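Just my_file05.txt here, compact mmCIF, C-alpha atoms and all ligand atoms:
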```txt
# COMPACT_ATOMS: atom_id res chain seq x y z
CA MET A 1 -10.25 18.14 -5.49
CA LEU A 2 -9.53 20.13 -2.33
CA ASP A 3 -10.64 19.12 1.14
CA SER A 4 -11.66 21.60 3.83
CA LEU A 5 -8.00 22.08 4.86
CA GLY A 6 -6.99 22.85 1.28
CA ARG A 7 -5.23 19.51 0.79
CA ASN A 8 -5.25 18.49 -2.87
CA ILE A 9 -6.68 14.97 -3.11
CA ASN A 10 -5.19 13.45 -6.25
CA TYR A 11 -4.14 9.94 -5.18
CA MET A 12 -6.33 6.96 -4.44
CA ARG A 13 -5.68 3.45 -3.16
CA VAL A 14 -8.20 0.94 -4.46
CA SER A 15 -8.51 -2.40 -2.69
CA VAL A 16 -9.69 -4.97 -5.23
CA THR A 17 -10.05 -7.85 -2.77
CA ASP A 18 -9.76 -8.47 0.96
CA LYS A 19 -8.41 -11.99 0.34
CA CYS A 20 -4.74 -12.86 0.53
CA ASN A 21 -2.43 -15.80 -0.09
CA LEU A 22 -0.20 -14.83 2.88
CA ARG A 23 -1.01 -14.22 6.54
CA CYS A 24 1.47 -11.58 7.71
CA VAL A 25 1.32 -11.57 11.49
CA TYR A 26 0.76 -7.80 11.75
CA CYS A 27 -1.90 -7.69 9.01
CA MET A 28 -4.16 -10.72 8.78
CA PRO A 29 -5.06 -13.50 11.25
CA GLU A 30 -4.54 -17.13 10.28
CA ASN A 31 -8.27 -17.92 10.61
CA GLY A 32 -11.56 -16.32 11.31
CA VAL A 33 -11.62 -13.37 8.91
CA GLU A 34 -14.94 -12.93 7.17
CA HIS A 35 -14.42 -11.99 3.56
CA VAL A 36 -16.56 -9.71 1.46
CA GLU A 37 -19.17 -11.81 -0.37
CA HIS A 38 -18.51 -11.99 -4.09
CA ARG A 39 -21.80 -10.23 -4.86
CA ASP A 40 -20.72 -7.30 -2.66
CA LEU A 41 -17.35 -6.78 -4.38
CA LEU A 42 -17.16 -3.89 -6.80
CA SER A 43 -16.88 -5.32 -10.31
CA TYR A 44 -14.11 -4.09 -12.60
CA GLU A 45 -16.77 -2.20 -14.60
CA GLU A 46 -17.92 -0.46 -11.42
CA ILE A 47 -14.37 0.45 -10.38
CA ILE A 48 -13.63 1.81 -13.86
CA ARG A 49 -16.83 3.84 -13.86
CA LEU A 50 -16.01 5.26 -10.41
CA GLY A 51 -12.44 5.80 -11.64
CA SER A 52 -13.70 8.09 -14.37
CA VAL A 53 -15.74 10.07 -11.82
CA PHE A 54 -12.67 10.38 -9.55
CA ALA A 55 -10.48 11.32 -12.52
CA GLY A 56 -12.95 14.10 -13.32
CA LEU A 57 -12.51 15.33 -9.75
CA GLY A 58 -8.73 15.42 -10.07
CA VAL A 59 -7.51 11.96 -9.03
CA SER A 60 -4.61 11.25 -11.38
CA ARG A 61 -2.82 8.34 -9.67
CA MET A 62 -4.31 5.07 -8.45
CA ARG A 63 -2.73 2.17 -6.63
CA LEU A 64 -4.40 -1.25 -6.72
CA THR A 65 -4.00 -3.08 -3.47
CA GLY A 66 -5.80 -5.52 -1.17
CA GLY A 67 -5.58 -8.09 0.48
CA GLU A 68 -3.43 -9.36 -2.32
CA PRO A 69 -4.58 -7.70 -5.56
CA LEU A 70 -3.13 -10.43 -7.78
CA VAL A 71 -5.41 -13.12 -6.34
CA ARG A 72 -8.25 -11.40 -8.19
CA LYS A 73 -8.42 -12.77 -11.72
CA ASN A 74 -7.49 -10.78 -14.84
CA LEU A 75 -6.36 -7.66 -13.05
CA GLU A 76 -4.92 -6.40 -16.35
CA ILE A 77 -8.50 -5.72 -17.49
CA LEU A 78 -8.87 -3.25 -14.63
CA VAL A 79 -5.48 -1.63 -15.27
CA ARG A 80 -6.31 -1.10 -18.93
CA GLY A 81 -9.79 0.22 -18.18
CA LEU A 82 -8.56 2.68 -15.55
CA LYS A 83 -5.90 4.06 -17.86
CA GLN A 84 -7.70 4.03 -21.20
CA ASP A 85 -11.37 4.47 -20.30
CA ALA A 86 -11.37 6.20 -16.92
CA GLY A 87 -8.47 8.50 -17.75
CA ILE A 88 -6.33 7.79 -14.68
CA LYS A 89 -2.84 8.95 -15.62
CA ASN A 90 -0.78 6.48 -13.56
CA VAL A 91 -1.79 3.10 -12.22
CA TYR A 92 0.39 1.11 -9.81
CA ILE A 93 0.09 -2.11 -7.84
CA THR A 94 1.22 -3.00 -4.33
CA THR A 95 1.70 -6.76 -4.06
CA ASN A 96 3.39 -9.46 -2.04
CA GLY A 97 4.85 -10.63 -5.36
CA LEU A 98 3.92 -14.32 -5.21
CA LEU A 99 1.75 -14.23 -8.33
CA LEU A 100 3.56 -11.40 -10.06
CA PRO A 101 5.88 -13.11 -12.57
CA GLU A 102 3.10 -14.84 -14.52
CA GLN A 103 0.88 -11.74 -14.53
CA LEU A 104 3.50 -9.07 -15.24
CA PRO A 105 3.56 -9.30 -19.05
CA GLY A 106 -0.21 -8.70 -19.27
CA LEU A 107 -0.15 -5.97 -16.63
CA VAL A 108 2.69 -4.09 -18.31
CA GLU A 109 1.00 -4.46 -21.67
CA ALA A 110 -2.15 -2.99 -20.13
CA GLY A 111 -0.17 0.10 -19.09
CA LEU A 112 0.91 -0.58 -15.49
CA ASP A 113 3.30 2.18 -14.39
CA GLY A 114 4.87 0.66 -11.34
CA VAL A 115 4.89 -2.04 -8.72
CA ASN A 116 5.68 -2.00 -5.02
CA ILE A 117 6.66 -5.40 -3.69
CA SER A 118 6.38 -6.04 0.04
CA ILE A 119 9.13 -8.07 1.63
CA ASP A 120 10.00 -8.17 5.32
CA ALA A 121 12.79 -10.75 5.47
CA ALA A 122 16.19 -11.61 4.05
CA ASP A 123 15.76 -15.38 4.24
CA ALA A 124 13.12 -18.06 3.80
CA ALA A 125 12.88 -19.03 7.48
CA LEU A 126 12.04 -15.54 8.71
CA PHE A 127 9.77 -14.96 5.70
CA LYS A 128 7.75 -17.99 6.76
CA LYS A 129 7.66 -16.86 10.38
CA ILE A 130 6.27 -13.46 9.41
CA THR A 131 3.95 -14.45 6.57
CA ARG A 132 3.01 -17.90 7.92
CA ARG A 133 3.50 -19.28 4.41
CA ASP A 134 6.34 -20.37 2.13
CA GLY A 135 7.24 -18.18 -0.81
CA PHE A 136 10.48 -16.27 -0.16
CA GLU A 137 12.18 -17.52 -3.33
CA LYS A 138 9.10 -16.67 -5.38
CA VAL A 139 9.19 -13.08 -4.12
CA ILE A 140 12.91 -12.81 -4.89
CA TYR A 141 12.19 -14.09 -8.39
CA ALA A 142 9.33 -11.58 -8.73
CA ILE A 143 11.62 -8.69 -7.82
CA GLY A 144 14.03 -9.74 -10.58
CA ALA A 145 11.18 -10.15 -13.05
CA ALA A 146 9.83 -6.67 -12.27
CA MET A 147 13.30 -5.14 -12.63
CA SER A 148 13.60 -6.58 -16.12
CA TYR A 149 10.96 -4.13 -17.43
CA PRO A 150 12.86 -0.91 -18.08
CA GLY A 151 9.82 1.39 -17.94
CA LEU A 152 8.37 -0.05 -14.76
CA GLU A 153 8.95 1.75 -11.46
CA VAL A 154 9.88 -0.90 -8.86
CA LYS A 155 10.08 -0.30 -5.11
CA LEU A 156 10.32 -2.63 -2.14
CA ASN A 157 8.31 -2.07 1.05
CA CYS A 158 9.34 -3.43 4.43
CA VAL A 159 7.64 -3.03 7.81
CA PRO A 160 10.41 -3.09 10.42
CA THR A 161 9.44 -4.93 13.59
CA ALA A 162 10.98 -6.74 16.52
CA GLN A 163 10.79 -9.87 14.36
CA ASN A 164 12.93 -8.72 11.46
CA GLU A 165 15.17 -6.03 12.96
CA ARG A 166 18.19 -8.35 12.83
CA GLN A 167 17.77 -8.82 9.07
CA LEU A 168 17.26 -5.20 8.00
CA VAL A 169 20.96 -4.60 7.37
CA THR A 170 21.17 -7.76 5.23
CA MET A 171 18.06 -6.69 3.34
CA ALA A 172 19.55 -3.29 2.56
CA SER A 173 22.78 -4.87 1.42
CA ARG A 174 21.07 -7.54 -0.67
CA PHE A 175 18.40 -5.39 -2.30
CA VAL A 176 19.85 -1.91 -2.78
CA ARG A 177 23.65 -1.93 -2.54
CA ASN A 178 24.22 -2.88 -6.18
CA THR A 179 20.82 -2.27 -7.77
CA ASN A 180 18.77 0.73 -8.79
CA LEU A 181 16.00 -0.30 -6.38
CA THR A 182 14.47 1.62 -3.49
CA LEU A 183 13.84 -0.14 -0.19
CA ARG A 184 11.27 1.74 1.86
CA PHE A 185 10.75 1.19 5.57
CA ILE A 186 7.15 1.79 6.69
CA GLU A 187 6.54 2.25 10.39
CA LEU A 188 4.03 -0.24 11.78
CA MET A 189 0.72 1.46 12.58
CA PRO A 190 -1.68 0.38 15.34
CA VAL A 191 -4.35 -0.63 12.85
CA GLY A 192 -5.89 -4.11 13.14
CA LEU A 193 -3.22 -6.63 14.15
CA GLY A 194 -0.64 -3.85 14.03
CA LYS A 195 -1.79 -3.10 17.58
CA GLU A 196 -0.50 -6.48 18.76
CA ASN A 197 2.96 -6.27 17.18
CA VAL A 198 6.05 -4.26 18.05
CA GLY A 199 7.23 -1.92 15.33
CA LYS A 200 10.63 -0.30 14.97
CA SER A 201 10.86 3.44 14.44
CA GLU A 202 12.63 5.27 11.64
CA ALA A 203 15.32 6.37 14.12
CA GLU A 204 15.98 2.77 15.16
CA VAL A 205 16.28 1.60 11.54
CA ARG A 206 18.51 4.55 10.65
CA ARG A 207 20.83 3.69 13.53
CA LEU A 208 21.11 0.07 12.42
CA LEU A 209 21.87 1.01 8.82
CA GLU A 210 24.28 3.82 9.67
CA ASP A 211 26.17 1.64 12.15
CA ALA A 212 26.62 -0.92 9.38
CA PHE A 213 27.23 1.28 6.35
CA GLY A 214 28.01 4.85 7.44
CA PRO A 215 26.01 8.09 7.45
CA MET A 216 22.97 8.50 5.23
CA THR A 217 22.52 11.50 2.97
CA PRO A 218 19.03 12.85 2.31
CA LEU A 219 18.02 12.84 -1.35
CA ASP A 220 15.82 15.92 -1.28
CA SER A 221 15.57 16.10 -5.05
CA TYR A 222 14.17 12.57 -5.19
CA ASP A 223 10.53 13.40 -4.61
CA SER A 224 7.81 10.84 -5.29
CA GLY A 225 4.95 13.22 -4.52
CA GLY A 226 4.14 11.12 -1.44
CA PRO A 227 5.14 10.86 2.21
CA CYS A 228 8.37 8.94 1.60
CA ARG A 229 11.68 10.64 2.39
CA TYR A 230 14.60 9.18 0.47
CA CYS A 231 18.26 8.77 1.45
CA SER A 232 21.43 7.30 0.04
CA LEU A 233 24.00 5.17 1.86
CA PRO A 234 27.74 5.32 1.14
CA GLY A 235 28.64 3.01 -1.74
CA PHE A 236 25.02 2.10 -2.51
CA THR A 237 23.53 2.60 -5.97
CA GLY A 238 19.95 2.07 -4.73
CA ARG A 239 18.03 4.17 -2.22
CA ILE A 240 16.55 3.81 1.22
CA GLY A 241 13.16 5.41 1.93
CA PHE A 242 11.30 6.13 5.14
CA ILE A 243 7.53 6.38 5.51
CA SER A 244 7.07 7.21 9.16
CA PRO A 245 3.47 7.85 10.13
CA MET A 246 4.27 7.27 13.82
CA THR A 247 7.32 9.50 14.30
CA HIS A 248 7.03 11.91 11.32
CA LYS A 249 3.31 12.47 10.95
CA PHE A 250 2.47 13.65 7.42
CA CYS A 251 -1.31 14.14 7.65
CA ALA A 252 -1.02 17.89 6.92
CA GLU A 253 0.19 16.99 3.41
CA CYS A 254 -2.08 13.96 2.95
CA ASN A 255 -3.27 13.72 -0.67
CA ARG A 256 -4.98 10.34 -0.54
CA ILE A 257 -8.29 8.59 -0.20
CA ARG A 258 -9.12 4.89 -0.27
CA LEU A 259 -11.79 2.70 -1.80
CA THR A 260 -12.47 -0.67 -0.13
CA ALA A 261 -13.23 -3.81 -2.11
CA ASN A 262 -16.96 -3.42 -1.33
CA GLY A 263 -17.11 0.23 -2.33
CA PHE A 264 -16.63 2.28 0.84
CA LEU A 265 -14.80 5.54 0.13
CA LYS A 266 -12.55 5.89 3.17
CA THR A 267 -11.15 9.37 3.65
CA CYS A 268 -8.59 8.57 6.38
CA LEU A 269 -6.62 5.39 7.10
CA GLN A 270 -7.53 5.42 10.78
CA TYR A 271 -11.17 6.43 10.94
CA ASN A 272 -14.38 4.91 9.68
CA LYS A 273 -15.20 8.15 7.89
CA GLY A 274 -16.38 8.43 4.33
CA VAL A 275 -19.28 7.17 2.26
CA ASP A 276 -20.48 3.81 1.02
CA LEU A 277 -20.67 4.34 -2.75
CA LYS A 278 -21.88 0.85 -3.69
CA PRO A 279 -25.62 1.50 -3.11
CA PHE A 280 -25.44 4.66 -5.23
CA LEU A 281 -23.90 3.25 -8.37
CA SER A 282 -27.19 3.59 -10.22
CA LYS A 283 -27.11 7.37 -9.65
CA SER A 284 -25.76 9.83 -12.18
CA ASP A 285 -22.10 10.83 -12.25
CA ALA A 286 -23.07 14.28 -10.98
CA GLU A 287 -24.85 12.82 -7.94
CA ILE A 288 -21.91 10.53 -7.15
CA GLU A 289 -19.51 13.45 -7.56
CA GLU A 290 -21.49 15.39 -4.99
CA MET A 291 -21.35 12.48 -2.51
CA ILE A 292 -17.60 12.16 -3.01
CA ALA A 293 -17.04 15.90 -2.61
CA ASN A 294 -19.07 15.95 0.63
CA ALA A 295 -17.11 13.01 2.06
CA VAL A 296 -13.77 14.53 1.06
CA ALA A 297 -14.75 17.88 2.59
CA ASP A 298 -15.18 16.00 5.86
CA LYS A 299 -11.80 14.22 5.68
CA PRO A 300 -10.29 14.07 9.19
CA ASP A 301 -7.41 16.46 9.89
CA GLY A 302 -5.16 13.53 10.69
CA HIS A 303 -4.69 10.34 12.62
CA ASN A 304 -4.43 10.17 16.38
CA PHE A 305 -2.80 6.87 17.19
CA THR A 306 -2.25 7.87 20.82
CA ASN A 307 -5.94 8.16 21.66
CA ALA A 308 -7.39 4.80 22.78
CA GLU A 309 -10.94 5.71 21.70
CA ASP A 310 -9.82 6.77 18.21
CA LEU A 311 -8.06 3.43 17.78
CA LEU A 312 -11.48 1.78 17.90
CA SER A 313 -13.07 3.98 15.20
CA ASP A 314 -12.63 1.48 12.38
CA LYS A 315 -12.93 -2.27 12.93
CA ARG A 316 -11.33 -3.05 9.57
CA ILE A 317 -7.95 -4.80 9.62
CA MET A 318 -5.22 -3.72 7.20
CA SER A 319 -5.94 -6.45 4.63
CA GLN A 320 -9.47 -5.00 4.40
CA ILE A 321 -8.19 -1.43 4.02
CA GLY A 322 -5.30 -1.96 1.61
CA GLY A 323 -2.47 -0.25 3.48
N1 LIG A 401 -0.81 -7.72 -0.12
C1 LIG A 401 -0.16 -6.60 -0.66
C2 LIG A 401 1.19 -6.38 -0.01
O1 LIG A 401 1.45 -6.97 1.03
O2 LIG A 401 1.95 -5.59 -0.56
C3 LIG A 401 -0.98 -5.32 -0.59
C4 LIG A 401 -1.78 -5.06 0.64
S1 LIG A 401 -0.83 -4.79 2.14
C5 LIG A 401 -2.12 -4.41 3.28
C6 LIG A 401 -0.08 -3.22 1.77
C7 LIG A 401 1.08 -2.84 2.67
O3 LIG A 401 0.59 -2.57 3.96
C8 LIG A 401 2.16 -3.89 2.82
O4 LIG A 401 3.41 -3.34 2.46
C9 LIG A 401 2.12 -4.23 4.28
O5 LIG A 401 3.39 -4.58 4.78
C10 LIG A 401 1.59 -2.95 4.88
N2 LIG A 401 0.96 -3.09 6.20
C11 LIG A 401 0.08 -4.01 6.62
N3 LIG A 401 -0.29 -3.79 7.90
C12 LIG A 401 0.38 -2.67 8.30
C13 LIG A 401 0.43 -1.92 9.52
N4 LIG A 401 -0.29 -2.25 10.59
N5 LIG A 401 1.22 -0.83 9.56
C14 LIG A 401 1.96 -0.45 8.48
N6 LIG A 401 1.95 -1.12 7.31
C15 LIG A 401 1.17 -2.21 7.22
FE1 LIG A 402 -1.47 -10.23 2.73
FE2 LIG A 402 -0.22 -7.94 2.19
FE3 LIG A 402 -1.47 -8.30 4.52
FE4 LIG A 402 0.72 -9.68 4.08
S1 LIG A 402 0.58 -7.44 4.21
S2 LIG A 402 -1.23 -10.51 4.89
S3 LIG A 402 0.62 -10.02 1.92
S4 LIG A 402 -2.43 -8.19 2.55
```

Write out the structure in this file as structure tokens.
Ligand code: SAM
Ligand code: SF4
Amino acid sequence: MLDSLGRNINYMRVSVTDKCNLRCVYCMPENGVEHVEHRDLLSYEEIIRLGSVFAGLGVSRMRLTGGEPLVRKNLEILVRGLKQDAGIKNVYITTNGLLLPEQLPGLVEAGLDGVNISIDAADAALFKKITRRDGFEKVIYAIGAAMSYPGLEVKLNCVPTAQNERQLVTMASRFVRNTNLTLRFIELMPVGLGKENVGKSEAEVRRLLEDAFGPMTPLDSYDSGGPCRYCSLPGFTGRIGFISPMTHKFCAECNRIRLTANGFLKTCLQYNKGVDLKPFLSKSDAEIEEMIANAVADKPDGHNFTNAEDLLSDKRIMSQIGG
């Protein structure tokens, strides 16, 4: 499916819940968030049905996210349905990892292709400061559990900020020096609570890692089909990745759309642009396809995080969008 700029939209992030068992300071407030009512959530049947419409339009990869996707029960039913019934080629999950070990066997059996685990700290004290909950050891255990499945693609995501900058070197050493893992640094975006936190740029993270380990080498051949640029560090078997929406804007190559937990098709991370599909689920596939195509045709050219007015376009916080 092409948008009006000729960008090929083939990747979709589906938020299955806006609830979460952590409260990362840059993502979700401790209290006061109103959650989508259960009756307004898309059911798994509805997501699978929409999945088949999107697959027909050329979406081949889907990532289940949230909030925390694993707090929604029986997620393996959705993974299986998207792959087997909807015809989505690859299905992935982005998770904080807390509930992963017990759910992994069922998810892998259902056909899960990969998992991204978010971790922003190298020790339990900082983990608690950032997430406002305990759970560091559980996430470490989850990373090991995910790595034990040979066919599963496992990556780690970290948002570098003023809070964790002193642990980034330890994280790189601990997670990717002697493993086959990839640790990706995602620049903090001024979305929701991201506006109230101080992010660290790709250049700042590079400097820290290169001062500690030596010069990085770009891995141009290591292409994930997304915005991440990969590098190796001397003596490391794993990889470092950079996703840098603030300093290396990639909107011109954007291939993604998002579906919120209550069925809004969001065509750009920053703006409240798109179409609410939930009221139209009783329509035919052809009618829904037309609505999707119209919304995608109107996909914004790109974000503009420097314009104060644009920052107010969407009131959703990141846990409601799905990252
Ligand atoms: N709960 C899951 C997790 O944490 O992986 C999935 C949802 S979370 C919203 C997805 C990703 O978005 C996480 O890696 C998180 O660190 C990242 N994120 C949240 N707020 C962000 C922001 N303002 N800028 C950049 N990344 C953000
Ligand atoms: Fe929850 Fe993920 Fe947001 Fe942290 S980043 S509060 S784990 S949704």

Just checking: using only C-alpha atoms, which residue out of A:Tyr141, A:Phe185, A:Phe250, A:Phe175 ends up closest to Thr237 in chain A?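 That would be A:Phe175, the residue with the smallest distance to Thr237 in chain A.
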
Counting only C-alpha atoms and all ligand atoms, the residue of A:Thr179, A:Gln320, A:Thr260, A:Asn294 that sits nearest ligand LIG 401 (chain A): A:Gln320

Give me, as a ChimeraX atom specification, the set of residues whose atoms come within 6 Å of any atom of ligand LIG 401 (chain A), counting all atoms listed in the file. /A:26-27,65-68,94-96,117-118,157,159,186-191,194,318-319,322-323

So which one's closest to Leu259 in chain A, A:Arg72, A:His303, A:Lys19, A:Arg63? Using only C-alpha atoms, please.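 The shortest atom-to-atom distance to Leu259 in chain A comes from A:Arg63.
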
Residue with smallest distance to Asp314 in chain A - pool A:Leu281, A:Gly192, A:Gly225, A:Lys128, counting only C-alpha atoms: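 Of A:Leu281, A:Gly192, A:Gly225, A:Lys128, the one nearest Asp314 in chain A, counting only C-alpha atoms, is A:Gly192.
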
Env of Lys89 in chain A: 8 Å cut, atoms = all atoms listed in the file, seq-sep filter 4 positions within chain, self excluded. Answer as a list in words. Ser60, Arg61 and Lys83 of chain A

Take the residues from that selection and put them in a file with C-alpha atoms, as a short mmCIF file (atom, residue, chain, number, x, y, z; two decimals), keeping the file's coordinate frame.
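Resulting contents of result-v1.cif:
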```
data_model
loop_
_atom_site.label_atom_id
_atom_site.label_comp_id
_atom_site.auth_asym_id
_atom_site.auth_seq_id
_atom_site.Cartn_x
_atom_site.Cartn_y
_atom_site.Cartn_z
CA SER A 60 -4.61 11.25 -11.38
CA ARG A 61 -2.82 8.34 -9.67
CA LYS A 83 -5.90 4.06 -17.86
#
```

Between CA of Val169 in chain A and CA of Ile240 in chain A, what is the distance in Å, rounded to a tenth?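 That distance, rounded to one decimal, is 11.3 Å.
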
Excluding same-chain residues fewer than 2 positions from range 163-165 of chain A, what lies within 9 Å of it counting only C-alpha atoms, as a list in words? Asp120, Ala121, Ala122, Leu126, Lys129, Ile130, Val159, Pro160, Thr161, Gln167, Leu168, Val169, Val198, Gly199, Lys200, Val205 and Leu208 of chain A

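In this comparison, which uses all atoms listed in the file, the residue of A:Pro218, A:Gly241, A:Gly235, A:Gly111 approaching Thr182 in chain A most closely is A:Gly241.
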
Nearby residues (only C-alpha atoms) at most 8 Å from range 45-53 of chain A, same-chain spacing under 4 positions excluded, as a PyMOL selection string: chain A and resi 57+78+81-82+85-88+281+285+288-289

Report, in Å with one decimal, the straight-line distance from CA of Ile257 in chain A to CA of Met12 in chain A.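 Those two atoms sit 4.9 Å apart.
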
Please provide as a tab-separated table (two decimals) with C-alpha atoms, in the coordinates of the input all residues within 12 Å of Cys251 in chain A, with the sequence filter that same-chain residues fewer than 4 positions apart are discarded (counting only C-alpha atoms).
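Saved as part-v3.tsv:
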```
chain	number	residue	atom	x	y	z
A	5	LEU	CA	-8.00	22.08	4.86
A	7	ARG	CA	-5.23	19.51	0.79
A	226	GLY	CA	4.14	11.12	-1.44
A	227	PRO	CA	5.14	10.86	2.21
A	243	ILE	CA	7.53	6.38	5.51
A	244	SER	CA	7.07	7.21	9.16
A	245	PRO	CA	3.47	7.85	10.13
A	246	MET	CA	4.27	7.27	13.82
A	247	THR	CA	7.32	9.50	14.30
A	255	ASN	CA	-3.27	13.72	-0.67
A	256	ARG	CA	-4.98	10.34	-0.54
A	257	ILE	CA	-8.29	8.59	-0.20
A	267	THR	CA	-11.15	9.37	3.65
A	268	CYS	CA	-8.59	8.57	6.38
A	269	LEU	CA	-6.62	5.39	7.10
A	270	GLN	CA	-7.53	5.42	10.78
A	299	LYS	CA	-11.80	14.22	5.68
A	300	PRO	CA	-10.29	14.07	9.19
A	301	ASP	CA	-7.41	16.46	9.89
A	302	GLY	CA	-5.16	13.53	10.69
A	303	HIS	CA	-4.69	10.34	12.62
A	304	ASN	CA	-4.43	10.17	16.38
```

Which residue is closest to ligand LIG 402 (chain A)? Choose from A:Asp3, A:Glu30, A:Glu202, A:Asp220 and count all atoms listed in the file. A:Glu30

Go ahead and compute the interatomic distance for CA of Ser15 in chain A and CA of Ala55 in chain A, in Å to one decimal.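 Pair CA of Ser15 in chain A / CA of Ala55 in chain A returns 17.0 Å.
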
Can you list, as JSON, numbers by chain, every protein, DNA or RNA residue that comes within 12 Å of range 146-152 of chain A when you count all atoms listed in the file, leaving out same-chain residues fewer than 3 positions away? {"A": [90, 91, 92, 93, 95, 97, 98, 99, 100, 101, 102, 103, 104, 105, 107, 108, 109, 111, 112, 113, 114, 115, 116, 117, 139, 140, 141, 142, 143, 155, 156, 175, 179, 180, 181, 182]}

Output range 1-7 of chain A with all heavy atoms present, as an mmCIF file, in the coordinates of the input.
```cif
data_model
loop_
_atom_site.group_PDB
_atom_site.id
_atom_site.type_symbol
_atom_site.label_atom_id
_atom_site.label_comp_id
_atom_site.auth_asym_id
_atom_site.auth_seq_id
_atom_site.Cartn_x
_atom_site.Cartn_y
_atom_site.Cartn_z
ATOM 1 N N MET A 1 -9.174 18.052 -6.485
ATOM 2 C CA MET A 1 -10.250 18.140 -5.490
ATOM 3 C C MET A 1 -9.615 18.551 -4.156
ATOM 4 O O MET A 1 -8.718 17.865 -3.658
ATOM 5 C CB MET A 1 -10.896 16.744 -5.426
ATOM 6 C CG MET A 1 -11.850 16.513 -4.330
ATOM 7 S SD MET A 1 -12.741 14.921 -4.482
ATOM 8 C CE MET A 1 -11.510 13.723 -4.980
ATOM 9 N N LEU A 2 -10.092 19.658 -3.592
ATOM 10 C CA LEU A 2 -9.530 20.130 -2.330
ATOM 11 C C LEU A 2 -10.432 19.720 -1.172
ATOM 12 O O LEU A 2 -11.658 19.739 -1.287
ATOM 13 C CB LEU A 2 -9.409 21.652 -2.337
ATOM 14 C CG LEU A 2 -8.474 22.280 -3.388
ATOM 15 C CD1 LEU A 2 -8.427 23.795 -3.208
ATOM 16 C CD2 LEU A 2 -7.078 21.676 -3.329
ATOM 17 N N ASP A 3 -9.817 19.364 -0.044
ATOM 18 C CA ASP A 3 -10.640 19.120 1.140
ATOM 19 C C ASP A 3 -10.750 20.424 1.941
ATOM 20 O O ASP A 3 -10.264 21.480 1.490
ATOM 21 C CB ASP A 3 -10.087 17.955 1.972
ATOM 22 C CG ASP A 3 -8.805 18.306 2.723
ATOM 23 O OD1 ASP A 3 -8.323 19.449 2.606
ATOM 24 O OD2 ASP A 3 -8.286 17.424 3.430
ATOM 25 N N SER A 4 -11.385 20.350 3.113
ATOM 26 C CA SER A 4 -11.660 21.600 3.830
ATOM 27 C C SER A 4 -10.376 22.245 4.381
ATOM 28 O O SER A 4 -10.380 23.413 4.745
ATOM 29 C CB SER A 4 -12.635 21.342 4.981
ATOM 30 O OG SER A 4 -12.087 20.351 5.804
ATOM 31 N N LEU A 5 -9.270 21.489 4.409
ATOM 32 C CA LEU A 5 -8.000 22.080 4.860
ATOM 33 C C LEU A 5 -7.140 22.524 3.670
ATOM 34 O O LEU A 5 -5.981 22.877 3.839
ATOM 35 C CB LEU A 5 -7.207 21.061 5.688
ATOM 36 C CG LEU A 5 -7.840 20.575 6.995
ATOM 37 C CD1 LEU A 5 -6.932 19.561 7.680
ATOM 38 C CD2 LEU A 5 -8.120 21.749 7.924
ATOM 39 N N GLY A 6 -7.718 22.436 2.474
ATOM 40 C CA GLY A 6 -6.990 22.850 1.280
ATOM 41 C C GLY A 6 -6.020 21.800 0.764
ATOM 42 O O GLY A 6 -5.187 22.084 -0.099
ATOM 43 N N ARG A 7 -6.117 20.575 1.284
ATOM 44 C CA ARG A 7 -5.230 19.510 0.790
ATOM 45 C C ARG A 7 -5.756 19.030 -0.567
ATOM 46 O O ARG A 7 -6.966 18.800 -0.714
ATOM 47 C CB ARG A 7 -5.168 18.349 1.795
ATOM 48 C CG ARG A 7 -4.521 18.738 3.114
ATOM 49 C CD ARG A 7 -4.584 17.621 4.143
ATOM 50 N NE ARG A 7 -5.941 17.330 4.587
ATOM 51 C CZ ARG A 7 -6.247 16.557 5.627
ATOM 52 N NH1 ARG A 7 -5.279 16.009 6.333
ATOM 53 N NH2 ARG A 7 -7.499 16.341 5.964
#
```
